[in-house]
Amino acid sequence: MLFQLGILLVVLYLGALVAHRLKQSSVPVFIVAGICLKFLAPNPEWMQFLAQVGAMLLLFTIGLDFSPERLRRSGPRVLVATLVDALINLPLGILVGIVLGFDLVSALIIGGVLYNNSTSIIARLIIDFRRSALLETEYAVGVSVLEDLVTALYLAVITGVVRGGDVQPGELLIIIGKTLGFFLGAYAAAVLLRPVLHRLMAHESLEVFLFFVMAFLLVLAAIAEWLGLSSAIGAFFAGFILPEREFRERLERVIAPFRELFAGIFFVSFGVLMELSQLGQAALFSIVTVIAALGGKLMTGWAIGRLMRLSRRASLRLGVALVPRGEFSILLASLAPAPVLDITMITVLVLALLGPLLMKWSSP
Amino acid sequence: MEVREVELPGIGMKFSFETAEGETLCVVIHKTGRREIYRFLPGQDTPDSVIELSDKEARELGAILIGTHFQPDVHDTARLVMKELTIEWLKVSSESPLAGKTIQENRVRKLTGATIIALFGPTKKVLNPGPETRIEAGDTVVVIGEQPQIEQFKDRFALH
């Protein structure tokens, strides 16, 4: 096992090096690295466990970006934009799934895959292309962050459906109820427990702080799993509940090294999971999903732009900025049978490569 | 002047305002500490130019802009408003009771609560002046305090 772990870490090292050289997000590079690793080491069970830890840490960090205050603060314009985005891309994705001949659950998963943007890749592209100050950027980052909350709830429901097997409408309602209950519980906890959490997290010892945060994360993940949702959702809401503003620096210092390490393993492990035997068909299907992914977001950018009276160019730039997909899409796809995961991986890869090119093309 | 403040999740904070010439200036403070200043010409939604600064450079530039190193004549009265405190640069005219007396004689802190933290004259520059320091007409005093204290200071000593 130690030998395989060694190979895995060498691959991660090389991947990070290449990503840095190419000035790319490390997500697509790690996926490709995982595909290469497939030939070196089979897919051991411990890797799946480490990948699960990576998923939890990733979603915990995404959840940290949320708080009840931020939800209340995000203005009506961003909320409307988020609604427009969901109304265009979720149905479009589900439709694509059905047209490609998948069952309903897989189609719902493809809907989520095509809907969710990668907040981290988008932020990186916007910074690299010096677009932070542009008006449409407010919508691009605002929408992609709120999308993560919507997708987290969506993911929780889908996980419940997949775990439950043959789900009847009544059971579906129970799953949705549980998810909403979990969300409302987390919201109430975030508001009510704030003073207590604040005191516990303000402890002078960094060691105490680390174990508190990690324990909190894992306990919530365990509760979510016990409820039949997914551990990643528990981690997401752990991030939602913890007050982050005052502790941002501390959290970053303590969590970042673990997150980078395990999230790297998370992305690599999905490269390993790809079924290369059916690559031809998956690639063919991916042409459709990539076109839908591009078209959907360009349409979203145009619609939001019209509504908010942005210029034509700005609307185009908004659509382009929303193109990259990432961690949430992969996480969703991992719930579906193999071909969906393969299609998602290819789509994420292609969009990751197209993202910077489109940004350059749409540049002012 | 109205400064618009927008949070950019995953990036940082954005501050923007319109200048008297109709240009829009946008300052983005990244989570990493990097600063960017974008200049938009009137009616444009893409920037004409972008200036990038590191955290250190931005602080230095900020200090220069508020006049730490050199106070131009037009800035006889300048003001820096922070969350709790205000710093104001005030030119002392000959009518002001401050002129010709020391800080102690004027009982500045006792009467107003504000504190004089620096004193500039045509030939002098006193940082953190002691109670014996004499203020002359034509000097510029830099005073720090809460907003009401500063107002009281200006009223009391006839400074505008």
# chains A, B, ... in the order shown; residues from 1 in each chain; ligands from 1

call {"tool": "residues_around", "arguments": {"residues": "region 89-94 of chain B", "least_positions_apart": "2", "cutoff": "9 Å", "atoms": "only C-alpha atoms", "output": "PyMOL selection string"}}
result
chain B and resi 75-80+87+96-100+135-143+154+157-160

call {"tool": "write_last_selection", "arguments": {"atoms": "N, CA, C and O atoms", "output": "short mmCIF file (atom, residue, chain, number, x, y, z; two decimals), in the first residue's frame"}}
result
data_model
loop_
_atom_site.label_atom_id
_atom_site.label_comp_id
_atom_site.auth_asym_id
_atom_site.auth_seq_id
_atom_site.Cartn_x
_atom_site.Cartn_y
_atom_site.Cartn_z
N HIS B 75 -4.43 71.26 -0.08
CA HIS B 75 -4.91 70.38 0.98
C HIS B 75 -4.71 70.97 2.36
O HIS B 75 -4.41 70.27 3.30
N ASP B 76 -4.89 72.30 2.47
CA ASP B 76 -4.84 72.91 3.79
C ASP B 76 -5.81 72.20 4.72
O ASP B 76 -5.55 72.01 5.88
N THR B 77 -6.92 71.84 4.15
CA THR B 77 -7.84 71.04 4.93
C THR B 77 -8.07 69.76 4.16
O THR B 77 -8.50 69.77 3.02
N ALA B 78 -7.70 68.67 4.78
CA ALA B 78 -7.93 67.37 4.17
C ALA B 78 -8.49 66.49 5.26
O ALA B 78 -8.39 66.80 6.44
N ARG B 79 -9.05 65.39 4.84
CA ARG B 79 -9.73 64.59 5.85
C ARG B 79 -9.62 63.12 5.49
O ARG B 79 -9.69 62.75 4.35
N LEU B 80 -9.40 62.33 6.49
CA LEU B 80 -9.34 60.88 6.30
C LEU B 80 -10.31 60.27 7.29
O LEU B 80 -10.17 60.42 8.49
N ILE B 87 -9.09 61.65 10.79
CA ILE B 87 -7.87 62.46 10.83
C ILE B 87 -8.11 63.65 9.93
O ILE B 87 -8.59 63.48 8.80
N SER B 96 -7.48 82.35 14.48
CA SER B 96 -7.71 81.20 15.35
C SER B 96 -7.07 81.40 16.72
O SER B 96 -5.94 81.86 16.81
N PRO B 97 -7.80 81.04 17.78
CA PRO B 97 -7.22 81.15 19.13
C PRO B 97 -5.99 80.25 19.30
O PRO B 97 -5.19 80.47 20.22
N LEU B 98 -5.85 79.27 18.41
CA LEU B 98 -4.69 78.38 18.51
C LEU B 98 -3.39 79.12 18.26
O LEU B 98 -2.36 78.85 18.88
N ALA B 99 -3.45 80.10 17.34
CA ALA B 99 -2.22 80.75 16.86
C ALA B 99 -1.52 81.50 17.98
O ALA B 99 -2.15 82.21 18.77
N GLY B 100 -0.22 81.33 18.04
CA GLY B 100 0.60 82.06 18.99
C GLY B 100 0.63 81.46 20.37
O GLY B 100 1.24 82.03 21.28
N ILE B 135 2.11 76.80 18.36
CA ILE B 135 1.48 76.81 17.04
C ILE B 135 1.43 78.24 16.53
O ILE B 135 1.05 79.15 17.28
N GLU B 136 1.85 78.44 15.28
CA GLU B 136 1.83 79.78 14.70
C GLU B 136 0.77 79.86 13.61
O GLU B 136 0.40 78.84 13.03
N ALA B 137 0.32 81.09 13.34
CA ALA B 137 -0.59 81.28 12.21
C ALA B 137 0.10 80.83 10.94
O ALA B 137 1.30 81.07 10.77
N GLY B 138 -0.62 80.15 10.07
CA GLY B 138 -0.01 79.65 8.84
C GLY B 138 0.42 78.21 8.93
O GLY B 138 0.69 77.57 7.92
N ASP B 139 0.47 77.67 10.16
CA ASP B 139 0.80 76.25 10.31
C ASP B 139 -0.39 75.38 9.91
O ASP B 139 -1.53 75.84 9.87
N THR B 140 -0.08 74.12 9.61
CA THR B 140 -1.14 73.14 9.41
C THR B 140 -1.08 72.13 10.54
O THR B 140 0.00 71.59 10.81
N VAL B 141 -2.22 71.93 11.21
CA VAL B 141 -2.22 70.91 12.26
C VAL B 141 -2.91 69.66 11.74
O VAL B 141 -3.86 69.73 10.97
N VAL B 142 -2.41 68.52 12.15
CA VAL B 142 -3.06 67.25 11.83
C VAL B 142 -3.67 66.74 13.13
O VAL B 142 -2.97 66.54 14.11
N VAL B 143 -4.98 66.60 13.11
CA VAL B 143 -5.67 66.28 14.35
C VAL B 143 -6.43 64.97 14.20
O VAL B 143 -6.96 64.67 13.13
N LYS B 154 -12.87 72.08 15.63
CA LYS B 154 -12.93 73.10 14.59
C LYS B 154 -13.74 74.32 15.05
O LYS B 154 -13.36 75.46 14.80
N PHE B 157 -11.77 76.39 17.88
CA PHE B 157 -10.57 77.14 17.48
C PHE B 157 -10.73 77.82 16.12
O PHE B 157 -9.74 78.19 15.50
N ALA B 158 -11.98 77.98 15.70
CA ALA B 158 -12.27 78.72 14.47
C ALA B 158 -11.43 78.25 13.29
O ALA B 158 -10.71 79.04 12.66
N LEU B 159 -11.47 76.95 13.03
CA LEU B 159 -10.74 76.39 11.88
C LEU B 159 -11.74 75.84 10.88
O LEU B 159 -12.78 75.31 11.26
N HIS B 160 -11.44 76.01 9.60
CA HIS B 160 -12.40 75.52 8.62
C HIS B 160 -11.71 74.68 7.57
O HIS B 160 -10.61 74.98 7.19
#

call {"tool": "closest_atom_pairs", "arguments": {"of": "chain A", "to": "chain B", "cutoff": "12 Å", "atoms": "only C-alpha atoms", "output": "CSV"}}
result
residue,atom,partner,partner_atom,distance
A:Thr61,CA,B:Gly10,CA,10.9
A:Ile62,CA,B:Gly10,CA,9.5
A:Gly63,CA,B:Pro9,CA,11.9
A:Leu64,CA,B:Gly10,CA,10.9
A:Asp65,CA,B:Pro9,CA,7.3
A:Phe66,CA,B:Pro9,CA,9.3
A:Ser67,CA,B:Pro9,CA,11.9
A:Arg70,CA,B:Glu7,CA,9.5
A:Leu71,CA,B:Pro9,CA,11.8
A:Arg73,CA,B:Glu7,CA,9.6
A:Ser74,CA,B:Glu7,CA,9.0
A:Gly75,CA,B:Val6,CA,10.3
A:Val78,CA,B:Leu8,CA,11.7
A:Ser118,CA,B:Gly10,CA,11.1
A:Thr119,CA,B:Gly10,CA,7.5
A:Ser120,CA,B:Gly10,CA,7.1
A:Ile121,CA,B:Gly10,CA,9.9
A:Ile122,CA,B:Gly10,CA,9.0
A:Ala123,CA,B:Gly10,CA,5.9
A:Arg124,CA,B:Ile11,CA,8.2
A:Leu125,CA,B:Ile11,CA,10.6
A:Ile126,CA,B:Ile11,CA,8.6
A:Ile127,CA,B:Ile11,CA,7.4
A:Asp128,CA,B:Ile11,CA,11.0
A:Phe129,CA,B:Val50,CA,11.2
A:Arg130,CA,B:Val50,CA,8.0
A:Arg131,CA,B:Thr46,CA,8.7
A:Ser132,CA,B:Val28,CA,6.9
A:Ala133,CA,B:Cys26,CA,6.2
A:Leu134,CA,B:Thr46,CA,6.6
A:Leu135,CA,B:Asp45,CA,7.3
A:Glu136,CA,B:Asp45,CA,9.2
A:Thr137,CA,B:Leu8,CA,8.1
A:Glu138,CA,B:Leu8,CA,6.4
A:Tyr139,CA,B:Leu8,CA,9.2
A:Ala140,CA,B:Leu8,CA,9.3
A:Val141,CA,B:Pro9,CA,6.2
A:Gly142,CA,B:Pro9,CA,6.8
A:Val143,CA,B:Pro9,CA,9.9
A:Ser144,CA,B:Pro9,CA,9.2
A:Val145,CA,B:Pro9,CA,7.1
A:Leu146,CA,B:Pro9,CA,10.0
A:Asp148,CA,B:Pro9,CA,11.9
A:Arg248,CA,B:Lys31,CA,10.1
A:Glu249,CA,B:Lys31,CA,10.1
A:Glu252,CA,B:Lys31,CA,11.3
A:Arg309,CA,B:Asp45,CA,11.7
A:Leu310,CA,B:Asp45,CA,8.7
A:Ser311,CA,B:Asp45,CA,7.9
A:Arg312,CA,B:Asp45,CA,10.7
A:Arg313,CA,B:Asp45,CA,9.1
A:Ala314,CA,B:Asp45,CA,7.6
A:Ser315,CA,B:Asp45,CA,11.2
A:Arg317,CA,B:Thr46,CA,10.8
A:Ser362,CA,B:Thr46,CA,11.8
A:Ser363,CA,B:Thr46,CA,9.4
A:Pro364,CA,B:Thr46,CA,6.5

call {"tool": "select_by_dssp", "arguments": {"residues": "region 22-58 of chain B", "states": "helix (DSSP H, G or I)", "output": "list of chain:residue names"}}
result
B:Asp55, B:Lys56, B:Glu57, B:Ala58

call {"tool": "write_last_selection", "arguments": {"atoms": "all heavy atoms", "output": "short mmCIF file (atom, residue, chain, number, x, y, z; two decimals), in the first residue's frame"}}
result
data_model
loop_
_atom_site.label_atom_id
_atom_site.label_comp_id
_atom_site.auth_asym_id
_atom_site.auth_seq_id
_atom_site.Cartn_x
_atom_site.Cartn_y
_atom_site.Cartn_z
N ASP B 55 0.38 44.09 -2.01
CA ASP B 55 -0.13 44.63 -0.76
C ASP B 55 0.76 45.79 -0.27
O ASP B 55 0.28 46.85 0.10
CB ASP B 55 -0.16 43.51 0.29
CG ASP B 55 -0.82 43.94 1.57
OD1 ASP B 55 -1.97 44.41 1.50
OD2 ASP B 55 -0.20 43.82 2.63
N LYS B 56 2.06 45.57 -0.34
CA LYS B 56 3.02 46.56 0.16
C LYS B 56 2.97 47.83 -0.69
O LYS B 56 2.89 48.95 -0.17
CB LYS B 56 4.42 45.95 0.11
CG LYS B 56 5.43 46.66 0.94
CD LYS B 56 6.69 45.80 1.10
CE LYS B 56 7.80 46.66 1.66
NZ LYS B 56 8.90 46.85 0.72
N GLU B 57 2.98 47.64 -2.01
CA GLU B 57 2.94 48.79 -2.92
C GLU B 57 1.67 49.60 -2.72
O GLU B 57 1.68 50.84 -2.71
CB GLU B 57 3.01 48.32 -4.37
CG GLU B 57 4.35 47.73 -4.76
CD GLU B 57 4.27 46.83 -5.99
OE1 GLU B 57 3.15 46.48 -6.41
OE2 GLU B 57 5.33 46.46 -6.51
N ALA B 58 0.54 48.88 -2.52
CA ALA B 58 -0.74 49.57 -2.35
C ALA B 58 -0.73 50.43 -1.10
O ALA B 58 -1.20 51.56 -1.11
CB ALA B 58 -1.87 48.54 -2.28
#

call {"tool": "closest_residue", "arguments": {"among": "B:Glu95, B:Glu84, B:Glu23, B:Glu5", "to": "Ser49 (chain B)", "atoms": "only C-alpha atoms"}}
result
B:Glu23

call {"tool": "select_by_dssp", "arguments": {"residues": "chain B", "states": "strand (DSSP E or B)", "output": "ChimeraX atom specification"}}
result
/B:4-8,12-18,24-30,35-40,49-53,78-81,86-91,101-102,115-120,125-127,134-135,140-145

call {"tool": "atom_distance", "arguments": {"atom1": "CA of Gly234 (chain A)", "atom2": "CA of Arg259 (chain A)"}}
result
16.0 Å

call {"tool": "residues_around", "arguments": {"residues": "Gln147 (chain B)", "least_positions_apart": "6", "cutoff": "10 Å", "atoms": "only C-alpha atoms", "output": "tab-separated table (two decimals) with C-alpha atoms, in the first residue's frame"}}
result
chain	number	residue	atom	x	y	z
B	81	VAL	CA	-12.34	59.06	7.68
B	82	MET	CA	-11.83	55.60	9.07
B	84	GLU	CA	-14.01	54.91	14.30
B	85	LEU	CA	-11.58	57.75	13.85
B	86	THR	CA	-11.16	60.79	11.68
B	87	ILE	CA	-7.87	62.46	10.83
B	88	GLU	CA	-8.05	66.00	9.56
B	114	ALA	CA	-9.17	65.56	19.93
B	153	PHE	CA	-12.12	71.20	17.77

call {"tool": "residues_around", "arguments": {"residues": "Met214 (chain A)", "least_positions_apart": "5", "cutoff": "10 Å", "atoms": "only C-alpha atoms", "output": "number ranges by chain"}}
result
A: 57, 209, 219, 235, 238, 254-255

call {"tool": "closest_residue", "arguments": {"among": "A:Leu172, A:Leu298, A:Val320, A:Ala215", "to": "Asn89 (chain A)", "atoms": "only C-alpha atoms"}}
result
A:Leu298

call {"tool": "atom_distance", "arguments": {"atom1": "CA of Arg245 (chain A)", "atom2": "CA of Phe211 (chain A)"}}
result
19.1 Å

call {"tool": "residues_around", "arguments": {"residues": "Ala283 (chain A)", "least_positions_apart": "5", "cutoff": "12 Å", "atoms": "only C-alpha atoms", "output": "PyMOL selection string"}}
result
chain A and resi 275-278+288-290+339-347+349-350

call {"tool": "atom_distance", "arguments": {"atom1": "CA of Glu45 (chain A)", "atom2": "CA of Leu104 (chain A)"}}
result
29.3 Å
